[in-house]
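Containing mmCIF, C-alpha atoms: entry_0.cif.
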```
data_run
loop_
_atom_site.group_PDB
_atom_site.id
_atom_site.type_symbol
_atom_site.label_atom_id
_atom_site.label_comp_id
_atom_site.auth_asym_id
_atom_site.auth_seq_id
_atom_site.Cartn_x
_atom_site.Cartn_y
_atom_site.Cartn_z
ATOM 1 C CA MET A 11 -89.813 47.002 51.249
ATOM 2 C CA TYR A 12 -86.587 45.273 50.255
ATOM 3 C CA ARG A 13 -86.750 42.962 53.285
ATOM 4 C CA ASP A 14 -89.799 41.243 51.788
ATOM 5 C CA ILE A 15 -87.905 40.801 48.522
ATOM 6 C CA LEU A 16 -84.835 39.380 50.265
ATOM 7 C CA GLU A 17 -86.917 36.927 52.263
ATOM 8 C CA SER A 18 -88.977 35.799 49.273
ATOM 9 C CA CYS A 19 -85.736 35.165 47.352
ATOM 10 C CA GLY A 20 -84.191 33.336 50.310
ATOM 11 C CA ILE A 21 -81.147 35.591 50.262
ATOM 12 C CA LYS A 22 -79.164 36.042 53.452
ATOM 13 C CA TYR A 23 -78.953 39.557 54.853
ATOM 14 C CA SER A 24 -77.889 41.270 58.061
ATOM 15 C CA ARG A 25 -77.487 44.681 59.662
ATOM 16 C CA GLN A 26 -73.815 45.621 59.542
ATOM 17 C CA SER A 27 -71.674 48.481 60.745
ATOM 18 C CA ALA A 28 -69.648 50.748 58.486
ATOM 19 C CA ALA A 29 -66.749 49.942 60.798
ATOM 20 C CA ASP A 30 -66.840 46.373 59.484
ATOM 21 C CA ILE A 31 -67.690 46.815 55.809
ATOM 22 C CA THR A 32 -65.901 50.002 54.696
ATOM 23 C CA THR A 33 -62.222 50.875 54.620
ATOM 24 C CA PHE A 34 -62.942 54.187 56.412
ATOM 25 C CA LYS A 35 -64.247 52.143 59.350
ATOM 26 C CA GLY A 36 -66.593 54.854 60.543
ATOM 27 C CA GLY A 37 -70.207 55.848 59.998
ATOM 28 C CA GLY A 38 -73.550 54.207 60.598
ATOM 29 C CA HIS A 39 -75.238 50.923 59.775
ATOM 30 C CA ALA A 40 -76.839 49.389 56.703
ATOM 31 C CA ILE A 41 -78.656 46.232 55.708
ATOM 32 C CA VAL A 42 -76.318 44.110 53.606
ATOM 33 C CA ALA A 43 -77.601 41.340 51.331
ATOM 34 C CA LEU A 44 -75.276 38.478 50.401
ATOM 35 C CA PRO A 45 -76.277 36.621 47.202
ATOM 36 C CA LYS A 46 -74.532 33.242 47.187
ATOM 37 C CA ASP A 47 -74.061 32.961 43.401
ATOM 38 C CA GLU A 48 -74.802 34.505 40.006
ATOM 39 C CA ALA A 49 -78.353 33.160 39.913
ATOM 40 C CA GLU A 50 -79.296 34.699 43.276
ATOM 41 C CA PHE A 51 -77.644 37.965 42.327
ATOM 42 C CA VAL A 52 -79.519 38.242 39.035
ATOM 43 C CA GLU A 53 -82.825 37.248 40.666
ATOM 44 C CA LEU A 54 -82.399 39.856 43.387
ATOM 45 C CA MET A 55 -81.574 42.597 40.889
ATOM 46 C CA GLU A 56 -84.630 41.678 38.846
ATOM 47 C CA ARG A 57 -86.918 41.739 41.880
ATOM 48 C CA LEU A 58 -85.540 45.093 43.007
ATOM 49 C CA GLU A 59 -86.117 46.682 39.608
ATOM 50 C CA GLY A 60 -89.325 48.649 39.698
ATOM 51 C CA SER A 61 -89.837 48.002 43.424
ATOM 52 C CA GLY A 62 -88.858 51.510 44.445
ATOM 53 C CA ALA A 63 -86.242 50.174 46.850
ATOM 54 C CA GLN A 64 -82.934 52.021 47.019
ATOM 55 C CA TYR A 65 -79.866 49.820 46.626
ATOM 56 C CA ARG A 66 -76.184 49.914 45.728
ATOM 57 C CA LEU A 67 -73.551 47.284 45.143
ATOM 58 C CA LEU A 68 -70.794 46.840 47.716
ATOM 59 C CA GLY A 69 -67.390 45.435 46.815
ATOM 60 C CA GLY A 70 -64.326 45.866 49.007
ATOM 61 C CA GLY A 71 -65.728 48.897 50.833
ATOM 62 C CA SER A 72 -63.286 51.536 49.590
ATOM 63 C CA ASN A 73 -64.578 54.884 48.279
ATOM 64 C CA THR A 74 -67.693 54.300 50.369
ATOM 65 C CA ILE A 75 -69.067 56.364 53.254
ATOM 66 C CA ILE A 76 -72.214 55.249 55.104
ATOM 67 C CA THR A 77 -74.279 57.982 56.723
ATOM 68 C CA ASP A 78 -74.502 58.000 60.519
ATOM 69 C CA GLY A 79 -77.459 56.181 62.014
ATOM 70 C CA GLU A 80 -79.418 53.813 59.772
ATOM 71 C CA ALA A 81 -78.980 53.985 56.011
ATOM 72 C CA ARG A 82 -82.150 53.533 53.954
ATOM 73 C CA THR A 83 -80.212 52.097 51.029
ATOM 74 C CA LEU A 84 -79.813 48.335 50.754
ATOM 75 C CA LEU A 85 -76.236 47.278 50.112
ATOM 76 C CA ILE A 86 -75.720 44.189 47.970
ATOM 77 C CA SER A 87 -72.415 42.538 48.738
ATOM 78 C CA THR A 88 -70.658 40.859 45.809
ATOM 79 C CA ARG A 89 -68.303 38.976 48.150
ATOM 80 C CA GLU A 90 -69.512 35.526 47.076
ATOM 81 C CA LEU A 91 -69.307 36.402 43.357
ATOM 82 C CA SER A 92 -65.603 35.663 43.282
ATOM 83 C CA LYS A 93 -65.134 33.045 40.536
ATOM 84 C CA ILE A 94 -62.039 33.501 38.332
ATOM 85 C CA GLU A 95 -61.471 31.562 35.082
ATOM 86 C CA PHE A 96 -58.266 31.743 33.017
ATOM 87 C CA ASP A 97 -58.022 30.855 29.333
ATOM 88 C CA GLY A 98 -54.515 31.488 28.066
ATOM 89 C CA ASP A 99 -53.788 35.180 28.529
ATOM 90 C CA SER A 100 -57.483 35.961 29.048
ATOM 91 C CA VAL A 101 -59.334 35.877 32.359
ATOM 92 C CA ARG A 102 -63.042 36.156 33.139
ATOM 93 C CA ALA A 103 -63.875 37.177 36.682
ATOM 94 C CA LEU A 104 -67.138 37.832 38.481
ATOM 95 C CA ALA A 105 -67.804 41.263 39.974
ATOM 96 C CA GLY A 106 -66.775 40.325 43.509
ATOM 97 C CA ALA A 107 -63.431 38.790 42.578
ATOM 98 C CA ARG A 108 -60.548 40.602 44.223
ATOM 99 C CA LEU A 109 -57.905 42.052 41.930
ATOM 100 C CA ALA A 110 -55.273 40.776 44.336
ATOM 101 C CA ASP A 111 -56.505 37.194 43.773
ATOM 102 C CA ILE A 112 -56.452 37.635 39.986
ATOM 103 C CA ARG A 113 -52.944 39.068 40.165
ATOM 104 C CA ARG A 114 -51.741 36.230 42.390
ATOM 105 C CA GLU A 115 -52.944 33.534 39.988
ATOM 106 C CA ALA A 116 -51.847 35.488 36.923
ATOM 107 C CA HIS A 117 -48.246 35.778 37.969
ATOM 108 C CA MET A 118 -48.174 32.020 38.619
ATOM 109 C CA ARG A 119 -49.047 31.696 34.926
ATOM 110 C CA GLY A 120 -46.402 34.142 33.733
ATOM 111 C CA LEU A 121 -48.841 37.010 33.297
ATOM 112 C CA GLY A 122 -49.000 40.504 34.704
ATOM 113 C CA ALA A 123 -52.218 41.860 36.196
ATOM 114 C CA PHE A 124 -53.035 45.121 37.968
ATOM 115 C CA GLU A 125 -49.665 45.552 39.655
ATOM 116 C CA PHE A 126 -50.377 49.308 39.746
ATOM 117 C CA LEU A 127 -53.215 48.624 42.222
ATOM 118 C CA SER A 128 -51.141 46.500 44.587
ATOM 119 C CA GLY A 129 -52.200 47.207 48.145
ATOM 120 C CA VAL A 130 -55.613 48.568 47.104
ATOM 121 C CA PRO A 131 -58.559 46.444 48.374
ATOM 122 C CA ALA A 132 -60.376 46.531 45.030
ATOM 123 C CA THR A 133 -62.837 44.125 43.456
ATOM 124 C CA VAL A 134 -63.552 43.770 39.750
ATOM 125 C CA GLY A 135 -66.906 45.531 39.969
ATOM 126 C CA GLY A 136 -65.690 48.420 42.099
ATOM 127 C CA ALA A 137 -62.551 48.944 40.033
ATOM 128 C CA LEU A 138 -64.533 49.059 36.791
ATOM 129 C CA TYR A 139 -67.189 51.347 38.268
ATOM 130 C CA SER A 140 -64.567 53.969 39.131
ATOM 131 C CA ASN A 141 -61.999 53.060 36.449
ATOM 132 C CA ALA A 142 -59.496 52.656 39.269
ATOM 133 C CA GLY A 143 -56.005 53.729 38.411
ATOM 134 C CA ALA A 144 -52.613 54.871 39.616
ATOM 135 C CA PHE A 145 -49.120 55.551 38.310
ATOM 136 C CA GLY A 146 -50.383 56.413 34.840
ATOM 137 C CA GLU A 147 -52.425 53.217 34.392
ATOM 138 C CA ASP A 148 -56.076 52.339 34.878
ATOM 139 C CA MET A 149 -58.518 49.488 34.355
ATOM 140 C CA SER A 150 -59.369 50.495 30.788
ATOM 141 C CA LYS A 151 -55.949 49.245 29.676
ATOM 142 C CA TYR A 152 -56.847 45.653 30.559
ATOM 143 C CA VAL A 153 -60.581 45.149 30.147
ATOM 144 C CA GLU A 154 -61.975 43.760 26.898
ATOM 145 C CA GLN A 155 -65.602 42.998 27.657
ATOM 146 C CA VAL A 156 -67.987 43.554 30.533
ATOM 147 C CA GLN A 157 -71.174 41.631 31.222
ATOM 148 C CA ILE A 158 -73.696 44.036 32.689
ATOM 149 C CA LEU A 159 -77.285 43.731 33.837
ATOM 150 C CA GLN A 160 -79.757 45.826 31.874
ATOM 151 C CA TYR A 161 -83.438 46.218 32.526
ATOM 152 C CA ARG A 162 -85.998 45.676 29.788
ATOM 153 C CA CYS A 163 -89.793 45.746 29.718
ATOM 154 C CA ASP A 164 -91.718 43.227 27.631
ATOM 155 C CA PHE A 165 -94.947 43.959 25.785
ATOM 156 C CA CYS A 166 -97.038 43.631 28.943
ATOM 157 C CA GLY A 167 -94.854 46.045 30.881
ATOM 158 C CA ALA A 168 -93.107 43.496 33.126
ATOM 159 C CA ALA A 169 -89.504 44.303 33.933
ATOM 160 C CA HIS A 170 -86.791 41.713 33.594
ATOM 161 C CA VAL A 171 -83.025 41.628 33.766
ATOM 162 C CA GLN A 172 -81.049 40.958 30.637
ATOM 163 C CA LYS A 173 -77.391 39.950 30.691
ATOM 164 C CA THR A 174 -75.614 42.063 28.104
ATOM 165 C CA ALA A 175 -72.013 41.785 26.946
ATOM 166 C CA MET A 176 -70.645 45.206 26.092
ATOM 167 C CA SER A 177 -67.335 46.211 24.572
ATOM 168 C CA ALA A 178 -65.468 48.260 27.126
ATOM 169 C CA ARG A 179 -63.120 49.972 24.711
ATOM 170 C CA ASN A 180 -64.857 53.367 24.795
ATOM 171 C CA ALA A 181 -66.678 53.059 28.108
ATOM 172 C CA PHE A 182 -64.113 54.739 30.352
ATOM 173 C CA GLU A 183 -63.064 58.223 31.310
ATOM 174 C CA TYR A 184 -60.690 59.441 34.008
ATOM 175 C CA ARG A 185 -61.998 57.934 37.259
ATOM 176 C CA ARG A 186 -65.322 57.192 35.582
ATOM 177 C CA GLY A 187 -66.221 53.713 34.431
ATOM 178 C CA ILE A 188 -69.312 51.589 33.995
ATOM 179 C CA SER A 189 -72.382 52.665 35.925
ATOM 180 C CA GLU A 190 -74.626 49.670 35.105
ATOM 181 C CA PRO A 191 -74.605 46.714 37.527
ATOM 182 C CA ILE A 192 -71.635 44.541 36.578
ATOM 183 C CA LEU A 193 -71.862 40.763 36.612
ATOM 184 C CA SER A 194 -68.448 39.872 35.196
ATOM 185 C CA ALA A 195 -65.591 41.134 33.076
ATOM 186 C CA THR A 196 -63.020 39.665 30.726
ATOM 187 C CA PHE A 197 -59.469 40.982 30.801
ATOM 188 C CA ARG A 198 -56.587 40.482 28.383
ATOM 189 C CA LEU A 199 -53.298 40.218 30.227
ATOM 190 C CA SER A 200 -49.713 40.402 28.983
ATOM 191 C CA GLU A 201 -46.726 38.173 29.576
ATOM 192 C CA MET A 202 -44.717 39.019 32.663
ATOM 193 C CA SER A 203 -42.471 36.840 34.765
ATOM 194 C CA MET A 204 -43.390 36.128 38.364
ATOM 195 C CA VAL A 205 -40.198 37.880 39.448
ATOM 196 C CA GLU A 206 -41.066 41.066 37.548
ATOM 197 C CA SER A 207 -44.706 41.001 38.663
ATOM 198 C CA GLU A 208 -43.733 40.709 42.310
ATOM 199 C CA ALA A 209 -41.019 43.355 41.926
ATOM 200 C CA GLN A 210 -43.491 45.836 40.416
ATOM 201 C CA ALA A 211 -46.056 45.088 43.107
ATOM 202 C CA ARG A 212 -43.464 45.691 45.833
ATOM 203 C CA ARG A 213 -42.412 49.007 44.274
ATOM 204 C CA TYR A 214 -45.962 50.297 44.074
ATOM 205 C CA MET A 215 -46.789 49.156 47.590
ATOM 206 C CA ALA A 216 -43.633 50.780 48.956
ATOM 207 C CA TYR A 217 -44.590 54.036 47.228
ATOM 208 C CA ARG A 218 -48.047 53.916 48.808
ATOM 209 C CA ARG A 219 -46.667 53.201 52.263
ATOM 210 C CA GLU A 220 -44.345 56.174 51.974
ATOM 211 C CA ARG A 221 -46.771 58.701 50.488
ATOM 212 C CA GLN A 222 -50.203 57.611 51.665
ATOM 213 C CA PRO A 223 -51.588 57.313 55.211
ATOM 214 C CA ARG A 224 -51.772 53.946 56.929
ATOM 215 C CA GLN A 225 -54.757 54.923 59.052
ATOM 216 C CA PRO A 226 -58.219 53.844 57.848
ATOM 217 C CA SER A 227 -59.530 55.954 54.972
ATOM 218 C CA CYS A 228 -61.912 55.627 52.062
ATOM 219 C CA GLY A 229 -59.079 56.294 49.608
ATOM 220 C CA SER A 230 -58.709 59.490 47.619
ATOM 221 C CA VAL A 231 -61.481 61.905 48.543
ATOM 222 C CA PHE A 232 -61.423 64.092 45.426
ATOM 223 C CA VAL A 233 -60.719 63.469 41.756
ATOM 224 C CA ASN A 234 -57.524 65.123 40.549
ATOM 225 C CA GLY A 235 -57.731 67.969 38.045
ATOM 226 C CA LYS A 236 -54.961 69.939 36.328
ATOM 227 C CA THR A 237 -53.484 70.490 39.769
ATOM 228 C CA PRO A 238 -53.689 67.508 42.143
ATOM 229 C CA SER A 239 -56.473 67.996 44.675
ATOM 230 C CA GLY A 240 -54.177 67.149 47.568
ATOM 231 C CA LYS A 241 -51.820 69.952 46.563
ATOM 232 C CA LEU A 242 -54.652 72.496 46.471
ATOM 233 C CA ILE A 243 -55.896 71.382 49.892
ATOM 234 C CA GLU A 244 -52.390 71.542 51.337
ATOM 235 C CA GLN A 245 -51.844 75.040 49.919
ATOM 236 C CA CYS A 246 -54.980 76.099 51.791
ATOM 237 C CA GLY A 247 -53.205 75.128 55.012
ATOM 238 C CA LEU A 248 -55.627 72.306 55.773
ATOM 239 C CA LYS A 249 -53.214 69.412 56.090
ATOM 240 C CA GLY A 250 -53.622 67.875 59.536
ATOM 241 C CA VAL A 251 -56.891 69.683 60.367
ATOM 242 C CA ARG A 252 -59.104 67.517 62.541
ATOM 243 C CA LEU A 253 -62.846 67.404 63.139
ATOM 244 C CA GLY A 254 -64.018 64.935 65.753
ATOM 245 C CA GLY A 255 -62.417 61.613 64.905
ATOM 246 C CA ALA A 256 -61.615 62.496 61.285
ATOM 247 C CA GLN A 257 -58.483 64.235 60.087
ATOM 248 C CA ILE A 258 -57.121 65.540 56.812
ATOM 249 C CA SER A 259 -54.060 63.355 56.535
ATOM 250 C CA GLU A 260 -50.711 64.853 57.468
ATOM 251 C CA VAL A 261 -49.141 62.500 54.918
ATOM 252 C CA HIS A 262 -51.359 63.248 51.888
ATOM 253 C CA ALA A 263 -54.023 65.960 51.963
ATOM 254 C CA ASN A 264 -56.365 64.161 49.528
ATOM 255 C CA PHE A 265 -57.019 61.537 52.195
ATOM 256 C CA ILE A 266 -59.277 61.964 55.209
ATOM 257 C CA VAL A 267 -58.381 59.377 57.816
ATOM 258 C CA ASN A 268 -60.257 57.886 60.717
ATOM 259 C CA ALA A 269 -58.009 58.965 63.574
ATOM 260 C CA GLY A 270 -60.271 57.253 66.103
ATOM 261 C CA GLY A 271 -64.025 57.061 66.421
ATOM 262 C CA ALA A 272 -64.785 59.122 63.309
ATOM 263 C CA THR A 273 -68.379 59.539 62.173
ATOM 264 C CA SER A 274 -69.563 60.215 58.659
ATOM 265 C CA ALA A 275 -70.520 63.720 59.856
ATOM 266 C CA ASP A 276 -66.886 64.299 60.869
ATOM 267 C CA PHE A 277 -65.739 63.104 57.447
ATOM 268 C CA LEU A 278 -68.263 65.203 55.527
ATOM 269 C CA GLY A 279 -67.477 68.266 57.613
ATOM 270 C CA LEU A 280 -63.864 68.082 56.453
ATOM 271 C CA VAL A 281 -64.943 67.385 52.876
ATOM 272 C CA GLU A 282 -67.062 70.540 52.860
ATOM 273 C CA LEU A 283 -64.237 72.535 54.458
ATOM 274 C CA CYS A 284 -61.849 71.461 51.684
ATOM 275 C CA GLU A 285 -64.406 72.248 48.989
ATOM 276 C CA ARG A 286 -65.125 75.696 50.414
ATOM 277 C CA GLU A 287 -61.513 76.716 50.991
ATOM 278 C CA VAL A 288 -60.241 75.499 47.612
ATOM 279 C CA LEU A 289 -63.093 77.251 45.800
ATOM 280 C CA ASP A 290 -62.536 80.510 47.705
ATOM 281 C CA ARG A 291 -58.782 80.550 47.194
ATOM 282 C CA PHE A 292 -58.330 79.026 43.733
ATOM 283 C CA GLY A 293 -61.778 79.164 42.128
ATOM 284 C CA VAL A 294 -61.630 75.372 41.670
ATOM 285 C CA THR A 295 -64.630 73.145 42.375
ATOM 286 C CA LEU A 296 -63.410 69.834 43.749
ATOM 287 C CA ALA A 297 -65.165 66.708 42.421
ATOM 288 C CA ARG A 298 -65.895 64.028 44.996
ATOM 289 C CA GLU A 299 -64.512 60.561 44.303
ATOM 290 C CA PHE A 300 -66.355 58.685 47.078
ATOM 291 C CA VAL A 301 -69.948 57.406 47.217
ATOM 292 C CA LEU A 302 -72.167 58.496 50.123
ATOM 293 C CA ILE A 303 -74.737 55.894 51.181
ATOM 294 C CA HIS A 304 -77.857 57.415 52.768
#
```
Write-out of the structure in structure tokens:
Amino acid sequence: MYRDILESCGIKYSRQSAADITTFKGGGHAIVALPKDEAEFVELMERLEGSGAQYRLLGGGSNTIITDGEARTLLISTRELSKIEFDGDSVRALAGARLADIRREAHMRGLGAFEFLSGVPATVGGALYSNAGAFGEDMSKYVEQVQILQYRCDFCGAAHVQKTAMSARNAFEYRRGISEPILSATFRLSEMSMVESEAQARRYMAYRRERQPRQPSCGSVFVNGKTPSGKLIEQCGLKGVRLGGAQISEVHANFIVNAGGATSADFLGLVELCEREVLDRFGVTLAREFVLIH
């Protein structure tokens, strides 16, 4: 169904492997559409609305697991939606802009930006969707306004996409952000010297290298509660457990790494093992942080 829409819109698409488009680098295949600009993106979203086609947006590929075999869900890559515009200490960036690129230009202007996510392959859209955070900070600290796509029906029942600017002040919770399709966001940054920005980025990256696995992973598997999920999993004796090509990291138990040739079934088998063991031992239901694409 969505192939007809893609072709009628003239939007490029291709069948791609999870090994190439996700940070876990394992799983099946999906059709990935690549809108070349805002206009194509908005047109595609409008055509998909009401069509019955399943779709999700794809940013940097973290926190994403694609089911083995062929996924039914169309993935819409925001890779080409990467425009970044600075105005003093404010920056507007499209959904596909990489936080690393914003940070790089910001520190050239004497501004700090997302140092706490240094080393994380995040895009604006993905980071706002999950309210990405670390080291006591998250995206809600920086964002001022988000331009989302909302669907409206006119008097004759036809659906259309409306660009809506929403205040982001009260839109975030812990690891929960904006669920509507994001077109762009405006961030307010603070003064910070290039030296300090780079020093902070190096500190955070060094911490990650020391305490997080270097093997491919989707990032944190479970949301942290009162007790960190990794600690609960480790106390169940699951650190290092392997299933097929997937392994609960020996470095940090809230990561499942691709140790070589992992499938999504391997990954999900370990996820379910962690959920079952933690519930049985501690009575805690782990909340998944990743998105599974069927």
>> Which residues, named as in the file, does the PyMOL selection byres ((chain A and resi 53) around 12) pick out? Answer as a PyMOL selection string.
In response: chain A and resi 15-16+18-21+45-52+54-59+159+169-173
Name the residues captured by the PyMOL selection byres ((chain A and resi 112) around 10) when it is applied to the shown file; answer as a compact mmCIF listing (two decimals) with C-alpha atoms, keeping the file's coordinate frame.
```txt
# COMPACT_ATOMS: atom_id res chain seq x y z
CA SER A 92 -65.60 35.66 43.28
CA LYS A 93 -65.13 33.04 40.54
CA ILE A 94 -62.04 33.50 38.33
CA GLU A 95 -61.47 31.56 35.08
CA PHE A 96 -58.27 31.74 33.02
CA VAL A 101 -59.33 35.88 32.36
CA ARG A 102 -63.04 36.16 33.14
CA ALA A 103 -63.88 37.18 36.68
CA ALA A 107 -63.43 38.79 42.58
CA ARG A 108 -60.55 40.60 44.22
CA LEU A 109 -57.90 42.05 41.93
CA ALA A 110 -55.27 40.78 44.34
CA ASP A 111 -56.50 37.19 43.77
CA ARG A 113 -52.94 39.07 40.16
CA ARG A 114 -51.74 36.23 42.39
CA GLU A 115 -52.94 33.53 39.99
CA ALA A 116 -51.85 35.49 36.92
CA HIS A 117 -48.25 35.78 37.97
CA GLY A 122 -49.00 40.50 34.70
CA ALA A 123 -52.22 41.86 36.20
CA PHE A 124 -53.04 45.12 37.97
CA THR A 133 -62.84 44.12 43.46
CA VAL A 134 -63.55 43.77 39.75
```
Mind running stretch 19-123 of chain A against stretch 231-255 of chain A at 12 Å and telling me each contacting residue's nearest atom pair with the distance in Å (one decimal), counting only C-alpha atoms, chain and number ascending, as a tab-separated table?
```
residue	atom	partner	partner_atom	distance
A:Phe34	CA	A:Val231	CA	11.1
A:Lys35	CA	A:Gly255	CA	11.1
A:Gly36	CA	A:Gly255	CA	9.1
A:Gly37	CA	A:Gly255	CA	10.9
A:Ser72	CA	A:Val231	CA	10.6
A:Asn73	CA	A:Val231	CA	7.7
A:Thr74	CA	A:Val231	CA	10.0
A:Ile75	CA	A:Val231	CA	10.5
```
> Which polymer residues have any atom within 7 Å of an atom of A:Gly143, counting only C-alpha atoms, with same-chain residues fewer than 5 positions away left out, as a VMD selection string?
Replying inline: chain A and resid 127 148 to 149
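Applied to this file, the PyMOL selection byres ((chain A and resi 273) around 7) selects the residues A:Gly36, A:Gly37, A:Asp78, A:Gly255, A:Gly271, A:Ala272, A:Ser274, A:Ala275, A:Asp276, A:Phe277.
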> Which residue out of A:Gly146, A:Gly120, A:Pro191, A:Gly70 has the minimum interatomic distance to A:Ala132 when only C-alpha atoms are used?
Replying inline: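 Checking each of A:Gly146, A:Gly120, A:Pro191, A:Gly70 against A:Ala132, counting only C-alpha atoms, the winner is A:Gly70.
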